[in-house]
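Shown next: coords03.cif, containing mmCIF, C-alpha atoms.
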data_input
loop_
_atom_site.label_atom_id
_atom_site.label_comp_id
_atom_site.auth_asym_id
_atom_site.auth_seq_id
_atom_site.Cartn_x
_atom_site.Cartn_y
_atom_site.Cartn_z
CA MET A 144 0.00 0.00 0.00
CA TYR A 145 2.69 2.42 0.98
CA SER A 146 4.55 1.96 -2.32
CA ASN A 147 1.37 2.55 -4.35
CA LYS A 148 0.78 5.85 -2.59
CA LYS A 149 4.34 6.82 -3.28
CA ASN A 150 3.98 5.91 -6.98
CA ASN A 151 0.69 7.81 -7.21
CA SER A 152 2.35 10.80 -5.62
CA ARG A 153 5.10 10.68 -8.24
CA ASN A 154 2.54 10.40 -11.05
CA ASN A 155 0.64 13.39 -9.68
CA ASN A 156 3.84 15.43 -9.53
CA LYS A 157 4.64 14.51 -13.13
CA SER A 158 1.21 15.61 -14.30
CA ASN A 159 1.60 18.82 -12.30
CA ASN A 160 4.96 19.41 -13.96
CA ILE A 161 3.39 19.00 -17.39
CA ASP A 162 0.68 21.51 -16.53
CA ILE A 163 3.28 23.94 -15.25
CA LYS A 164 5.31 23.51 -18.42
CA LYS A 165 2.19 24.20 -20.50
CA LEU A 166 1.46 27.23 -18.38
CA ILE A 167 4.98 28.54 -18.80
CA SER A 168 4.79 27.84 -22.52
CA GLY A 169 1.48 29.71 -22.72
CA ILE A 170 2.97 32.70 -20.93
CA GLY A 171 5.81 32.68 -23.43
CA THR A 172 3.29 32.62 -26.27
CA VAL A 173 1.37 35.57 -24.81
CA ALA A 174 4.62 37.47 -24.29
CA ASN A 175 5.64 36.77 -27.90
CA PHE A 176 2.22 37.96 -29.09
CA LEU A 177 2.45 41.17 -27.07
CA ASP A 178 5.99 41.71 -28.31
CA LYS A 179 4.76 41.37 -31.91
CA ILE A 180 2.05 43.97 -31.29
CA LEU A 181 4.55 46.41 -29.79
CA THR A 182 7.05 45.74 -32.57
CA THR A 183 4.38 46.25 -35.24
CA SER A 184 3.18 49.52 -33.68
CA LYS A 185 6.77 50.73 -33.38
CA ALA A 186 7.39 49.74 -37.01
CA VAL A 187 4.40 51.84 -38.11
CA VAL A 188 5.64 54.85 -36.16
CA ASP A 189 9.22 54.37 -37.43
CA GLU A 190 8.00 54.07 -40.99
CA ILE A 191 6.04 57.29 -40.70
CA GLN A 192 8.96 59.12 -39.11
CA ASN A 193 11.38 57.91 -41.76
CA GLN A 194 9.13 58.86 -44.65
CA ASN A 195 7.73 62.07 -43.22
CA GLY A 196 4.56 60.77 -44.79
CA ILE A 197 0.93 60.92 -43.89
CA LEU A 198 -0.97 58.33 -41.93
CA TYR A 199 -4.52 58.09 -43.30
CA VAL A 200 -7.22 56.57 -41.09
CA PHE A 201 -10.33 55.66 -43.06
CA ASP A 202 -13.90 55.88 -41.78
CA THR A 203 -16.59 53.44 -42.90
CA ASN A 204 -18.50 55.97 -45.01
CA ALA A 205 -15.42 56.80 -47.11
CA LEU A 206 -14.89 53.13 -47.96
CA MET A 207 -18.58 52.54 -48.61
CA ASN A 208 -18.72 55.46 -51.04
CA ASP A 209 -15.48 54.53 -52.82
CA PRO A 210 -14.18 51.03 -52.05
CA ASN A 211 -11.27 51.50 -54.48
CA LEU A 212 -10.06 54.50 -52.51
CA ILE A 213 -7.40 52.41 -50.77
CA SER A 214 -6.29 50.47 -53.83
CA ARG A 215 -4.08 53.31 -55.07
CA PRO A 216 -1.83 54.26 -52.15
CA LYS A 217 -0.44 57.76 -52.16
CA ARG A 218 3.32 58.18 -52.10
CA ASN A 219 4.85 58.34 -48.60
CA SER A 220 1.62 57.36 -46.91
CA ILE A 221 0.31 54.57 -44.74
CA TYR A 222 -3.33 53.54 -44.82
CA ILE A 223 -4.99 52.37 -41.61
CA ILE A 224 -8.36 50.71 -41.26
CA PRO A 225 -9.67 50.67 -37.68
CA ILE A 226 -11.11 47.36 -36.47
CA THR A 227 -14.32 49.29 -35.77
CA VAL A 228 -14.68 49.97 -39.50
CA LEU A 229 -14.44 46.23 -40.22
CA GLU A 230 -17.12 45.57 -37.60
CA GLU A 231 -19.40 48.24 -39.08
CA LEU A 232 -18.93 46.86 -42.61
CA ASP A 233 -19.72 43.37 -41.36
CA LYS A 234 -23.04 44.60 -39.91
CA LEU A 235 -23.83 46.62 -43.03
CA LYS A 236 -23.55 43.47 -45.17
CA LEU A 237 -26.84 42.38 -43.57
CA ASP A 238 -28.67 45.54 -44.70
CA LYS A 239 -30.15 44.84 -48.14
CA SER A 240 -29.77 48.42 -49.34
CA ARG A 241 -26.09 48.62 -48.34
CA SER A 242 -24.85 45.03 -48.58
CA GLN A 243 -23.25 45.44 -52.02
CA LYS A 244 -21.27 48.53 -51.02
CA ALA A 245 -20.17 46.93 -47.73
CA SER A 246 -19.07 43.74 -49.48
CA ASN A 247 -17.13 45.75 -52.07
CA ALA A 248 -15.38 47.70 -49.31
CA ILE A 249 -14.45 44.47 -47.49
CA ARG A 250 -13.02 42.96 -50.69
CA SER A 251 -11.05 46.13 -51.33
CA ILE A 252 -9.57 46.00 -47.82
CA ASN A 253 -8.58 42.36 -48.37
CA ARG A 254 -6.68 43.28 -51.55
CA ALA A 255 -5.11 46.54 -50.38
CA ASP A 256 -1.86 47.15 -48.55
CA VAL A 257 -3.41 48.52 -45.36
CA ARG A 258 -2.81 48.13 -41.67
CA ILE A 259 -5.65 46.99 -39.46
CA GLU A 260 -5.49 48.74 -36.08
CA LYS A 261 -7.51 48.63 -32.91
CA SER A 262 -8.41 51.70 -30.91
CA SER A 263 -6.73 52.71 -27.67
CA ASP A 264 -9.02 53.59 -24.80
CA TYR A 265 -6.37 55.57 -22.98
CA VAL A 266 -5.86 58.28 -25.63
CA LEU A 267 -9.31 59.88 -25.52
CA PRO A 268 -10.45 62.27 -22.80
CA LYS A 269 -12.72 60.66 -20.18
CA ASP A 270 -15.86 62.38 -21.46
CA PHE A 271 -15.68 60.45 -24.76
CA ASP A 272 -17.80 57.29 -24.70
CA MET A 273 -15.66 54.41 -25.99
CA ARG A 274 -18.81 52.47 -26.91
CA ASN A 275 -19.36 54.98 -29.72
CA ASN A 276 -17.86 53.81 -33.02
CA ASP A 277 -16.81 57.30 -34.14
CA ASN A 278 -14.91 57.68 -30.88
CA LYS A 279 -13.16 54.36 -31.47
CA ILE A 280 -12.09 55.51 -34.94
CA LEU A 281 -10.89 58.78 -33.46
CA ALA A 282 -8.98 56.87 -30.76
CA THR A 283 -7.25 54.82 -33.48
CA ALA A 284 -6.06 58.03 -35.12
CA MET A 285 -5.08 59.59 -31.81
CA LYS A 286 -2.56 56.81 -31.18
CA TYR A 287 -0.53 58.68 -33.80
CA SER A 288 -1.47 62.24 -32.83
CA ASN A 289 2.18 63.25 -32.64
CA LYS A 290 2.54 62.30 -36.32
CA ASN A 291 0.99 63.61 -39.51
CA VAL A 292 -2.34 61.78 -39.18
CA VAL A 293 -5.52 62.48 -41.14
CA ILE A 294 -8.95 60.89 -40.81
CA VAL A 295 -10.71 60.43 -44.16
CA THR A 296 -14.44 60.80 -43.52
CA ASP A 297 -17.59 62.59 -44.63
CA ASP A 298 -19.07 62.28 -41.13
CA ASN A 299 -19.42 65.85 -39.88
CA ASN A 300 -19.67 64.93 -36.22
CA LEU A 301 -16.53 62.78 -36.39
CA LYS A 302 -14.81 65.76 -38.01
CA ASN A 303 -15.95 67.98 -35.11
CA LYS A 304 -14.70 65.50 -32.52
CA ALA A 305 -11.38 65.13 -34.34
CA ARG A 306 -10.96 68.90 -34.51
CA SER A 307 -11.52 69.09 -30.74
CA GLN A 308 -8.50 66.78 -30.35
CA ASN A 309 -6.36 68.54 -32.97
CA ILE A 310 -6.63 65.67 -35.46
CA ARG A 311 -6.92 66.72 -39.10
CA CYS A 312 -9.78 65.43 -41.23
CA MET A 313 -10.31 65.26 -44.93
CA SER A 314 -13.48 64.56 -46.87
CA LEU A 315 -13.59 61.86 -49.51
CA SER A 316 -13.50 64.44 -52.30
CA GLU A 317 -10.57 66.28 -50.66
CA PHE A 318 -8.67 62.99 -50.38
CA ARG A 319 -9.25 62.23 -54.05
CA ARG A 320 -7.92 65.68 -55.05
CA SER A 321 -4.86 65.54 -52.81
#

Write out the structure in this file as structure tokens.
Amino acid sequence: MYSNKKNNSRNNNKSNNIDIKKLISGIGTVANFLDKILTTSKAVVDEIQNQNGILYVFDTNALMNDPNLISRPKRNSIYIIPITVLEELDKLKLDKSRSQKASNAIRSINRADVRIEKSSDYVLPKDFDMRNNDNKILATAMKYSNKNVVIVTDDNNLKNKARSQNIRCMSLSEFRRS
């Protein structure tokens, strides 16, 4: 009996060791993932600094009205699509009157050389509601507020909010002419 308990104790320790190894491995994976995010964000900032280019953040309405807008990148520029825009387009696919435009915009994003970015809650003032999609798009642009960042939108209220945070905006027609 005593030897069986001892053997069972060893087996339990081995299984605990395996779980600990998996846990440690998982932590390493999370750390690698976070490192990739930080490296990617730094690469975007470095690229902008090196090129002295413009970072364009696109709103949903701009892509709905001209899905090919992002297929012809401007020289010395980086195009960013906020995750919120992808979510809005996904919902708009279900609306019969807008499904074709939303699907075209999604296909264009898939083909284009763009960066998909999430918003950062910490960059907006506290009185901005982060459940609001326009605020999330603004927060994505504000991550780069110390750079030459421009939001491309025809949404007047988003333009007003951006102006309050010293973020430049450009309408779809202004973007086309630039």

With distances taken over all atoms listed in the file, which of A:Asp270, A:Asp256, A:Asp297, A:Glu317 is nearest to Leu206 (chain A)?
-> A:Asp297

Nearest residue to Leu235 (chain A) from the set A:Ile197, A:Val266, A:Met207, A:Leu281 (distances using all atoms listed in the file) |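 Closest to Leu235 (chain A) of all the choices is A:Met207.
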
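Our summary of the geometry notes that CA of Ala282 (chain A) is positioned 26.3 Å from CA of Leu237 (chain A).
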
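From CA of Ser316 (chain A) back to CA of Ser242 (chain A), the distance works out to 22.8 Å.
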
Quick one: everything within 12 Å of Ile252 (chain A), counting all atoms listed in the file, minus sequence neighbours fewer than 4 positions away in the same chain. Send it as a PyMOL selection string.
-> chain A and resi 201+203+206-207+209-215+222-226+228-229+232+245-248+256-259

Fewer than 3 positions away in the same chain doesn't count, so skip those; otherwise give me all residues within 8 Å of Leu315 (chain A), counting only C-alpha atoms, as an MDAnalysis selection string.
-> chainID A and resid 205 295:297 318:319

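CA of Asn208 (chain A) is found 14.0 Å from CA of Glu231 (chain A).
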
Please define a box with edges along x, y and z of the file around all atoms of region 256-270 of chain A given in the file, extend it by 8 Å on each side, and return its centre and edge lengths in Å to one decimal, as lines of an AutoDock Vina configuration file.
center_x = -8.9
center_y = 54.7
center_z = -34.4
size_x = 30.0
size_y = 31.4
size_z = 44.4

Residue neighbourhood Ala284 (chain A), 12 Å, only C-alpha atoms, exclusion window fewer than 5 positions, as a VMD selection string | chain A and resid 197 to 202 222 to 226 259 to 264 266 to 267 277 to 279 289 to 295 301 304 to 306 308 to 312

With distances taken over all atoms listed in the file, which of A:Lys217, A:Asn299, A:Ala255, A:Tyr265 is nearest to Lys286 (chain A)?
->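 Comparing A:Lys217, A:Asn299, A:Ala255, A:Tyr265 against Lys286 (chain A), the winner is A:Tyr265.
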
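With all atoms listed in the file as the atoms that count, the residue of A:Asn253, A:Thr227, A:Arg241, A:Arg320 with the shortest distance to Asn276 (chain A) is A:Thr227.
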
Missing atoms in region 228-239 of chain A need filling: write out all heavy atoms for it as a PDB file, keeping the file's coordinate frame.
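Result went into selection.pdb, see below:
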ATOM      1  N   VAL A 228     -14.179  49.850 -38.133  1.00  0.00           N
ATOM      2  CA  VAL A 228     -14.680  49.970 -39.500  1.00  0.00           C
ATOM      3  C   VAL A 228     -15.013  48.576 -40.043  1.00  0.00           C
ATOM      4  O   VAL A 228     -16.057  48.377 -40.676  1.00  0.00           O
ATOM      5  CB  VAL A 228     -13.666  50.701 -40.404  1.00  0.00           C
ATOM      6  CG1 VAL A 228     -14.045  50.589 -41.875  1.00  0.00           C
ATOM      7  CG2 VAL A 228     -13.561  52.162 -39.980  1.00  0.00           C
ATOM      8  N   LEU A 229     -14.155  47.604 -39.781  1.00  0.00           N
ATOM      9  CA  LEU A 229     -14.440  46.230 -40.220  1.00  0.00           C
ATOM     10  C   LEU A 229     -15.722  45.708 -39.583  1.00  0.00           C
ATOM     11  O   LEU A 229     -16.531  45.058 -40.244  1.00  0.00           O
ATOM     12  CB  LEU A 229     -13.267  45.303 -39.882  1.00  0.00           C
ATOM     13  CG  LEU A 229     -11.933  45.605 -40.545  1.00  0.00           C
ATOM     14  CD1 LEU A 229     -10.881  44.612 -40.086  1.00  0.00           C
ATOM     15  CD2 LEU A 229     -12.058  45.601 -42.057  1.00  0.00           C
ATOM     16  N   GLU A 230     -15.905  46.003 -38.297  1.00  0.00           N
ATOM     17  CA  GLU A 230     -17.120  45.570 -37.600  1.00  0.00           C
ATOM     18  C   GLU A 230     -18.364  46.237 -38.200  1.00  0.00           C
ATOM     19  O   GLU A 230     -19.392  45.594 -38.397  1.00  0.00           O
ATOM     20  CB  GLU A 230     -17.012  45.866 -36.116  1.00  0.00           C
ATOM     21  CG  GLU A 230     -15.974  45.008 -35.424  1.00  0.00           C
ATOM     22  CD  GLU A 230     -15.700  45.428 -33.990  1.00  0.00           C
ATOM     23  OE1 GLU A 230     -16.201  46.494 -33.555  1.00  0.00           O
ATOM     24  OE2 GLU A 230     -14.972  44.690 -33.306  1.00  0.00           O
ATOM     25  N   GLU A 231     -18.266  47.526 -38.485  1.00  0.00           N
ATOM     26  CA  GLU A 231     -19.400  48.240 -39.080  1.00  0.00           C
ATOM     27  C   GLU A 231     -19.722  47.672 -40.461  1.00  0.00           C
ATOM     28  O   GLU A 231     -20.901  47.468 -40.798  1.00  0.00           O
ATOM     29  CB  GLU A 231     -19.105  49.734 -39.184  1.00  0.00           C
ATOM     30  CG  GLU A 231     -19.167  50.454 -37.863  1.00  0.00           C
ATOM     31  CD  GLU A 231     -18.907  51.948 -37.979  1.00  0.00           C
ATOM     32  OE1 GLU A 231     -18.211  52.399 -38.919  1.00  0.00           O
ATOM     33  OE2 GLU A 231     -19.405  52.685 -37.109  1.00  0.00           O
ATOM     34  N   LEU A 232     -18.701  47.421 -41.268  1.00  0.00           N
ATOM     35  CA  LEU A 232     -18.930  46.860 -42.610  1.00  0.00           C
ATOM     36  C   LEU A 232     -19.578  45.480 -42.519  1.00  0.00           C
ATOM     37  O   LEU A 232     -20.458  45.148 -43.321  1.00  0.00           O
ATOM     38  CB  LEU A 232     -17.613  46.777 -43.385  1.00  0.00           C
ATOM     39  CG  LEU A 232     -17.024  48.109 -43.833  1.00  0.00           C
ATOM     40  CD1 LEU A 232     -15.612  47.903 -44.389  1.00  0.00           C
ATOM     41  CD2 LEU A 232     -17.912  48.772 -44.875  1.00  0.00           C
ATOM     42  N   ASP A 233     -19.151  44.703 -41.545  1.00  0.00           N
ATOM     43  CA  ASP A 233     -19.720  43.370 -41.360  1.00  0.00           C
ATOM     44  C   ASP A 233     -21.223  43.458 -41.063  1.00  0.00           C
ATOM     45  O   ASP A 233     -22.018  42.698 -41.600  1.00  0.00           O
ATOM     46  CB  ASP A 233     -18.986  42.656 -40.233  1.00  0.00           C
ATOM     47  CG  ASP A 233     -19.007  41.156 -40.385  1.00  0.00           C
ATOM     48  OD1 ASP A 233     -19.025  40.668 -41.530  1.00  0.00           O
ATOM     49  OD2 ASP A 233     -18.995  40.459 -39.355  1.00  0.00           O
ATOM     50  N   LYS A 234     -21.610  44.405 -40.225  1.00  0.00           N
ATOM     51  CA  LYS A 234     -23.040  44.600 -39.910  1.00  0.00           C
ATOM     52  C   LYS A 234     -23.801  45.133 -41.119  1.00  0.00           C
ATOM     53  O   LYS A 234     -24.943  44.745 -41.363  1.00  0.00           O
ATOM     54  CB  LYS A 234     -23.193  45.548 -38.730  1.00  0.00           C
ATOM     55  CG  LYS A 234     -22.796  44.939 -37.415  1.00  0.00           C
ATOM     56  CD  LYS A 234     -22.913  45.939 -36.293  1.00  0.00           C
ATOM     57  CE  LYS A 234     -22.346  45.359 -35.009  1.00  0.00           C
ATOM     58  NZ  LYS A 234     -22.245  46.359 -33.960  1.00  0.00           N
ATOM     59  N   LEU A 235     -23.154  46.024 -41.875  1.00  0.00           N
ATOM     60  CA  LEU A 235     -23.830  46.620 -43.030  1.00  0.00           C
ATOM     61  C   LEU A 235     -24.069  45.605 -44.153  1.00  0.00           C
ATOM     62  O   LEU A 235     -24.947  45.815 -44.993  1.00  0.00           O
ATOM     63  CB  LEU A 235     -23.022  47.813 -43.560  1.00  0.00           C
ATOM     64  CG  LEU A 235     -23.044  49.036 -42.644  1.00  0.00           C
ATOM     65  CD1 LEU A 235     -22.005  50.050 -43.085  1.00  0.00           C
ATOM     66  CD2 LEU A 235     -24.439  49.661 -42.627  1.00  0.00           C
ATOM     67  N   LYS A 236     -23.318  44.523 -44.169  1.00  0.00           N
ATOM     68  CA  LYS A 236     -23.550  43.470 -45.170  1.00  0.00           C
ATOM     69  C   LYS A 236     -24.950  42.876 -45.032  1.00  0.00           C
ATOM     70  O   LYS A 236     -25.507  42.364 -45.992  1.00  0.00           O
ATOM     71  CB  LYS A 236     -22.546  42.323 -45.019  1.00  0.00           C
ATOM     72  CG  LYS A 236     -21.168  42.607 -45.490  1.00  0.00           C
ATOM     73  CD  LYS A 236     -20.291  41.368 -45.508  1.00  0.00           C
ATOM     74  CE  LYS A 236     -20.437  40.521 -44.270  1.00  0.00           C
ATOM     75  NZ  LYS A 236     -19.494  39.404 -44.193  1.00  0.00           N
ATOM     76  N   LEU A 237     -25.518  42.961 -43.837  1.00  0.00           N
ATOM     77  CA  LEU A 237     -26.840  42.380 -43.570  1.00  0.00           C
ATOM     78  C   LEU A 237     -27.979  43.297 -44.012  1.00  0.00           C
ATOM     79  O   LEU A 237     -29.114  42.865 -44.118  1.00  0.00           O
ATOM     80  CB  LEU A 237     -26.971  42.060 -42.082  1.00  0.00           C
ATOM     81  CG  LEU A 237     -25.901  41.133 -41.518  1.00  0.00           C
ATOM     82  CD1 LEU A 237     -26.074  40.987 -40.008  1.00  0.00           C
ATOM     83  CD2 LEU A 237     -25.927  39.779 -42.211  1.00  0.00           C
ATOM     84  N   ASP A 238     -27.681  44.560 -44.257  1.00  0.00           N
ATOM     85  CA  ASP A 238     -28.670  45.540 -44.700  1.00  0.00           C
ATOM     86  C   ASP A 238     -28.795  45.446 -46.218  1.00  0.00           C
ATOM     87  O   ASP A 238     -27.840  45.720 -46.941  1.00  0.00           O
ATOM     88  CB  ASP A 238     -28.194  46.936 -44.276  1.00  0.00           C
ATOM     89  CG  ASP A 238     -29.163  48.038 -44.662  1.00  0.00           C
ATOM     90  OD1 ASP A 238     -30.028  47.834 -45.539  1.00  0.00           O
ATOM     91  OD2 ASP A 238     -29.035  49.144 -44.090  1.00  0.00           O
ATOM     92  N   LYS A 239     -29.969  45.069 -46.702  1.00  0.00           N
ATOM     93  CA  LYS A 239     -30.150  44.840 -48.140  1.00  0.00           C
ATOM     94  C   LYS A 239     -29.761  46.034 -49.000  1.00  0.00           C
ATOM     95  O   LYS A 239     -29.189  45.873 -50.069  1.00  0.00           O
ATOM     96  CB  LYS A 239     -31.606  44.447 -48.437  1.00  0.00           C
ATOM     97  CG  LYS A 239     -31.955  43.060 -47.976  1.00  0.00           C
ATOM     98  CD  LYS A 239     -33.373  42.693 -48.349  1.00  0.00           C
ATOM     99  CE  LYS A 239     -33.696  41.308 -47.824  1.00  0.00           C
ATOM    100  NZ  LYS A 239     -35.031  40.884 -48.213  1.00  0.00           N
TER     101      LYS A 239
END
